[in-house]
Amino acid sequence: MPKRVLKEFKVEYLQVLDEEGNCDESLMPKLSNEGIKKIYEMLVLVRVFDQKAFNMQRQGRLGTYIQFKGQEACQVGSAYVLEDGDFIFPMYRNSGLLIARKHPIVQVLQYWSGDERGLRSPDNVNNFPISIPVGTHTVHAVGAAWAAKLRNTKQVSVVYFGDGATSKGDFHEGMNFAGVFNVPVVFICENNQYAISVPRKKQTHSETIAQKAIAYGFEGIQVDGMDIFAVVKAMKDAAEKARNGKGPTLIECFTYRMCDHSTSDDASKYRTKDEMELWVKKDPIERLEKYMRKKGLLDDAYKESILSRSKDIVEKAVTEFEKISPPDPKDIFKYVFAEMTPQQKEEMEEMFGNQ
């Protein structure tokens, strides 16, 4: 039988801002000076939050916490582009995304203390709950996108996951359905190089994550995930395409977590100090600061004022959070369904009496 030779597929790699803050103006997304400052201020705020939450966990004031240091550009840059009515489906490393999507910091802290009330989305935005199981929420995001298409609401659905999730069946089912039905969904892979402790090269032989989209008939793009402008541009293009009925996109944000997998992990057991130092030089906040200094948008006084204001915002949220009464244990029965079943009522009475 004669062999068929398939043409080699390549995906685009997008970088707008290099490590020294130099910008390729031909690729620069349309952003005003005020827009750039707004993005910078959010990047600083979520990093301050991340460090505070980590400290609180170490002090016994929060449960297990999952940091996102280094991945702020992936989350803030993509959130900046979206409309409030669009759907987001976050993973466990997306606290920064939620804050950028108007989720109150108080509620994010509630969630990490084990209080599920923290994941109730504000009424004016469509933030779905954090997914702890790896990759399972990709199919939920595709379902929301299909509903938006059927209703012709022009909403975009966006799902966030790590590189490890692309080796799960849910990811491939979601990708296939999205391609077949041409739904308005954007898949964002925050490829931080490790699925907990497993390096990317040991869990997939694909040269890139982005090229996995090719098998499902739509576009995949790899971007410098520590370049805020590259993320904004890729997300803007993908969201516009989806909103205009032109289907899904897979965006691979090539990034790095400059922290442990979680507060119960020790990344030094599987990552070298030299590797970490190499990636720290790519820090998304420092890179943007270099650009803003060159453009006269940032000086030491402004930088200090934003850092101070961010700390104040987070500290006020912490104070408010620690005054919240714990949830009523009966809620585990009351809010499983819209209305309690007779069996649930019976079980609740057995456990708590007729109070």
# chains A, B, ... in the order shown; residues from 1 in each chain; ligands from 1

call {"tool": "closest_atom_pairs", "arguments": {"of": "segment 110-219 of chain A", "to": "segment 246-252 of chain A", "cutoff": "12 Å", "atoms": "only C-alpha atoms", "output": "tab-separated table"}}
result
residue	atom	partner	partner_atom	distance
A:Thr138	CA	A:Leu250	CA	11.7
A:Ala141	CA	A:Pro248	CA	11.4
A:Val142	CA	A:Pro248	CA	9.5
A:Ala145	CA	A:Pro248	CA	9.5
A:Trp146	CA	A:Gly247	CA	10.5
A:Lys149	CA	A:Gly247	CA	9.9
A:Lys154	CA	A:Lys246	CA	11.4
A:Val156	CA	A:Pro248	CA	9.5
A:Ser157	CA	A:Pro248	CA	9.4
A:Val158	CA	A:Pro248	CA	9.7
A:Val159	CA	A:Leu250	CA	9.8
A:Tyr160	CA	A:Ile251	CA	9.8
A:Phe161	CA	A:Glu252	CA	9.9
A:Gly162	CA	A:Glu252	CA	9.3
A:Asp163	CA	A:Glu252	CA	8.7
A:Thr166	CA	A:Glu252	CA	10.7
A:Phe171	CA	A:Leu250	CA	11.2
A:His172	CA	A:Leu250	CA	11.8
A:Gly174	CA	A:Pro248	CA	10.8
A:Met175	CA	A:Pro248	CA	8.7
A:Asn176	CA	A:Pro248	CA	10.5
A:Phe177	CA	A:Pro248	CA	10.3
A:Ala178	CA	A:Pro248	CA	6.5
A:Gly179	CA	A:Pro248	CA	6.9
A:Val180	CA	A:Gly247	CA	9.6
A:Phe181	CA	A:Gly247	CA	8.3
A:Asn182	CA	A:Gly247	CA	4.5
A:Val183	CA	A:Gly247	CA	5.1
A:Pro184	CA	A:Gly247	CA	5.1
A:Val185	CA	A:Pro248	CA	4.9
A:Val186	CA	A:Thr249	CA	5.0
A:Phe187	CA	A:Leu250	CA	4.6
A:Ile188	CA	A:Ile251	CA	4.9
A:Cys189	CA	A:Glu252	CA	4.8
A:Glu190	CA	A:Glu252	CA	6.3
A:Asn191	CA	A:Glu252	CA	6.5
A:Asn192	CA	A:Glu252	CA	10.0
A:Gln193	CA	A:Glu252	CA	11.3
A:Glu207	CA	A:Glu252	CA	11.9
A:Thr208	CA	A:Glu252	CA	8.1
A:Ile209	CA	A:Glu252	CA	6.2
A:Ala210	CA	A:Glu252	CA	5.3
A:Gln211	CA	A:Leu250	CA	8.6
A:Lys212	CA	A:Leu250	CA	8.3
A:Ala213	CA	A:Leu250	CA	6.2
A:Ile214	CA	A:Leu250	CA	9.5
A:Ala215	CA	A:Leu250	CA	11.6
A:Tyr216	CA	A:Pro248	CA	10.0
A:Gly217	CA	A:Pro248	CA	9.4
A:Phe218	CA	A:Thr249	CA	6.3
A:Glu219	CA	A:Thr249	CA	5.2

call {"tool": "residues_around", "arguments": {"residues": "segment 296-301 of chain A", "least_positions_apart": "5", "cutoff": "8 Å", "atoms": "only C-alpha atoms", "output": "PyMOL selection string"}}
result
chain A and resi 33+37+289

call {"tool": "select_by_dssp", "arguments": {"residues": "segment 47-93 of chain A", "states": "alpha helix (DSSP H)", "output": "list in words"}}
result
Arg47, Val48, Phe49, Asp50, Gln51, Lys52, Ala53, Phe54, Asn55, Met56, Gln57, Arg58, Glu72, Ala73, Cys74, Gln75, Val76, Gly77, Ser78, Ala79, Tyr80 and Val81 of chain A

call {"tool": "select_by_dssp", "arguments": {"residues": "segment 79-278 of chain A", "states": "strand (DSSP E)", "output": "PyMOL selection string"}}
result
chain A and resi 87-89+126-127+157-162+185-191+194-195+198-199+219-224+249-254

call {"tool": "write_last_selection", "arguments": {"atoms": "N, CA and C atoms", "output": "compact mmCIF listing (two decimals), in the first residue's frame"}}
result
# COMPACT_ATOMS: atom_id res chain seq x y z
N PHE A 87 -18.70 34.02 29.22
CA PHE A 87 -18.55 32.99 30.25
C PHE A 87 -17.07 32.65 30.46
N ILE A 88 -16.65 32.53 31.72
CA ILE A 88 -15.33 31.96 31.97
C ILE A 88 -15.48 30.71 32.83
N PHE A 89 -14.65 29.72 32.54
CA PHE A 89 -14.60 28.47 33.29
C PHE A 89 -13.17 28.31 33.82
N ASN A 126 -20.39 36.61 34.35
CA ASN A 126 -20.64 35.17 34.25
C ASN A 126 -19.38 34.37 34.57
N ASN A 127 -19.04 34.31 35.86
CA ASN A 127 -17.89 33.52 36.30
C ASN A 127 -18.38 32.18 36.84
N SER A 157 -17.41 31.87 25.25
CA SER A 157 -17.09 31.02 26.40
C SER A 157 -15.59 30.76 26.40
N VAL A 158 -14.96 30.91 27.57
CA VAL A 158 -13.51 30.75 27.67
C VAL A 158 -13.18 29.79 28.79
N VAL A 159 -12.37 28.80 28.50
CA VAL A 159 -11.99 27.81 29.52
C VAL A 159 -10.47 27.81 29.70
N TYR A 160 -10.05 27.74 30.95
CA TYR A 160 -8.64 27.81 31.32
C TYR A 160 -8.20 26.48 31.92
N PHE A 161 -7.01 26.01 31.52
CA PHE A 161 -6.50 24.75 32.03
C PHE A 161 -4.99 24.73 31.85
N GLY A 162 -4.34 23.76 32.48
CA GLY A 162 -2.90 23.63 32.36
C GLY A 162 -2.50 22.64 31.29
N VAL A 185 -16.06 29.29 21.39
CA VAL A 185 -15.30 28.99 22.60
C VAL A 185 -13.81 29.25 22.36
N VAL A 186 -13.13 29.72 23.41
CA VAL A 186 -11.68 29.89 23.37
C VAL A 186 -11.09 29.00 24.45
N PHE A 187 -10.20 28.11 24.04
CA PHE A 187 -9.48 27.25 24.97
C PHE A 187 -8.16 27.92 25.32
N ILE A 188 -7.90 28.17 26.58
CA ILE A 188 -6.64 28.79 26.98
C ILE A 188 -5.85 27.81 27.85
N CYS A 189 -4.75 27.34 27.29
CA CYS A 189 -3.86 26.46 28.03
C CYS A 189 -2.74 27.30 28.64
N GLU A 190 -2.70 27.36 29.96
CA GLU A 190 -1.59 28.02 30.64
C GLU A 190 -0.49 26.96 30.81
N ASN A 191 0.32 26.84 29.80
CA ASN A 191 1.38 25.82 29.80
C ASN A 191 2.54 26.32 30.66
N TYR A 194 4.81 22.20 33.71
CA TYR A 194 4.70 21.05 34.61
C TYR A 194 3.26 20.72 34.94
N ALA A 195 2.91 19.43 34.86
CA ALA A 195 1.64 18.94 35.37
C ALA A 195 1.94 18.45 36.79
N VAL A 198 5.28 16.62 36.74
CA VAL A 198 5.59 15.94 35.48
C VAL A 198 5.87 16.96 34.39
N PRO A 199 7.10 17.00 33.85
CA PRO A 199 7.40 17.96 32.79
C PRO A 199 6.62 17.67 31.52
N GLU A 219 -8.09 26.74 14.58
CA GLU A 219 -6.79 27.39 14.77
C GLU A 219 -6.23 27.19 16.17
N GLY A 220 -4.92 26.93 16.21
CA GLY A 220 -4.18 26.94 17.47
C GLY A 220 -3.03 27.91 17.35
N ILE A 221 -2.77 28.65 18.41
CA ILE A 221 -1.67 29.62 18.40
C ILE A 221 -0.92 29.52 19.71
N GLN A 222 0.39 29.62 19.64
CA GLN A 222 1.22 29.64 20.85
C GLN A 222 1.71 31.07 21.06
N VAL A 223 1.53 31.57 22.28
CA VAL A 223 1.94 32.93 22.58
C VAL A 223 2.90 32.92 23.76
N ASP A 224 3.71 33.95 23.84
CA ASP A 224 4.56 34.16 25.02
C ASP A 224 3.62 34.53 26.16
N THR A 249 -10.86 28.69 19.06
CA THR A 249 -9.41 28.86 18.98
C THR A 249 -8.80 28.23 20.22
N LEU A 250 -7.65 27.61 20.03
CA LEU A 250 -6.84 27.15 21.16
C LEU A 250 -5.64 28.07 21.30
N ILE A 251 -5.51 28.71 22.44
CA ILE A 251 -4.36 29.58 22.71
C ILE A 251 -3.48 28.89 23.75
N GLU A 252 -2.26 28.58 23.36
CA GLU A 252 -1.29 28.05 24.31
C GLU A 252 -0.43 29.19 24.84
N CYS A 253 -0.62 29.53 26.10
CA CYS A 253 0.20 30.56 26.74
C CYS A 253 1.44 29.88 27.32
N PHE A 254 2.57 30.09 26.69
CA PHE A 254 3.83 29.47 27.10
C PHE A 254 4.37 30.25 28.29

call {"tool": "atom_distance", "arguments": {"atom1": "atom CA of Gln51 of chain A", "atom2": "atom CA of Ser264 of chain A"}}
result
15.5 Å

call {"tool": "residues_around", "arguments": {"residues": "Arg101 of chain A", "least_positions_apart": "6", "cutoff": "10 Å", "atoms": "only C-alpha atoms", "output": "ChimeraX atom specification"}}
result
/A:75-76,78-80,82-84,88,95,121-122,125-127

call {"tool": "closest_atom_pairs", "arguments": {"of": "segment 207-240 of chain A", "to": "segment 271-284 of chain A", "cutoff": "9 Å", "atoms": "only C-alpha atoms", "output": "CSV"}}
result
residue,atom,partner,partner_atom,distance
A:Gly225,CA,A:Pro284,CA,8.3
A:Met226,CA,A:Pro284,CA,4.7
A:Asp227,CA,A:Pro284,CA,5.9
A:Ile228,CA,A:Pro284,CA,6.7

call {"tool": "residues_around", "arguments": {"residues": "Gly164 of chain A", "least_positions_apart": "3", "cutoff": "8 Å", "atoms": "only C-alpha atoms", "output": "MDAnalysis selection string"}}
result
chainID A and resid 134 167:168 194:195 200 203

call {"tool": "write_last_selection", "arguments": {"atoms": "C-alpha atoms", "output": "mmCIF file, in the first residue's frame"}}
result
data_model
loop_
_atom_site.group_PDB
_atom_site.id
_atom_site.type_symbol
_atom_site.label_atom_id
_atom_site.label_comp_id
_atom_site.auth_asym_id
_atom_site.auth_seq_id
_atom_site.Cartn_x
_atom_site.Cartn_y
_atom_site.Cartn_z
ATOM 1 C CA VAL A 134 -8.248 18.450 35.878
ATOM 2 C CA SER A 167 -3.690 14.695 28.100
ATOM 3 C CA LYS A 168 -7.165 14.117 29.536
ATOM 4 C CA TYR A 194 4.705 21.052 34.608
ATOM 5 C CA ALA A 195 1.638 18.940 35.372
ATOM 6 C CA ARG A 200 5.491 18.568 29.576
ATOM 7 C CA GLN A 203 3.189 13.619 29.099
#

call {"tool": "residues_around", "arguments": {"residues": "Val44 of chain A", "least_positions_apart": "6", "cutoff": "8 Å", "atoms": "only C-alpha atoms", "output": "mmCIF file with N, CA and C atoms, in the first residue's frame"}}
result
data_model
loop_
_atom_site.group_PDB
_atom_site.id
_atom_site.type_symbol
_atom_site.label_atom_id
_atom_site.label_comp_id
_atom_site.auth_asym_id
_atom_site.auth_seq_id
_atom_site.Cartn_x
_atom_site.Cartn_y
_atom_site.Cartn_z
ATOM 1 N N ILE A 285 5.418 41.178 35.000
ATOM 2 C CA ILE A 285 5.236 42.522 35.569
ATOM 3 C C ILE A 285 6.473 43.367 35.328
ATOM 4 N N ILE A 306 1.011 52.456 43.396
ATOM 5 C CA ILE A 306 0.169 51.327 42.976
ATOM 6 C C ILE A 306 0.383 50.145 43.907
ATOM 7 N N LEU A 307 1.621 49.891 44.289
ATOM 8 C CA LEU A 307 1.907 48.792 45.211
ATOM 9 C C LEU A 307 1.240 49.040 46.563
ATOM 10 N N SER A 310 -2.545 48.665 46.270
ATOM 11 C CA SER A 310 -2.907 47.247 46.128
ATOM 12 C C SER A 310 -2.871 46.547 47.480
#

call {"tool": "atom_distance", "arguments": {"atom1": "atom CA of Cys23 of chain A", "atom2": "atom CA of Ala234 of chain A"}}
result
15.5 Å

call {"tool": "closest_residue", "arguments": {"among": "A:Tyr256, A:Tyr302, A:Phe321, A:Tyr335", "to": "Cys74 of chain A", "atoms": "only C-alpha atoms"}}
result
A:Tyr256

call {"tool": "closest_residue", "arguments": {"among": "A:Leu288, A:Leu98, A:Ile324, A:Met91", "to": "Tyr40 of chain A", "atoms": "only C-alpha atoms"}}
result
A:Leu288
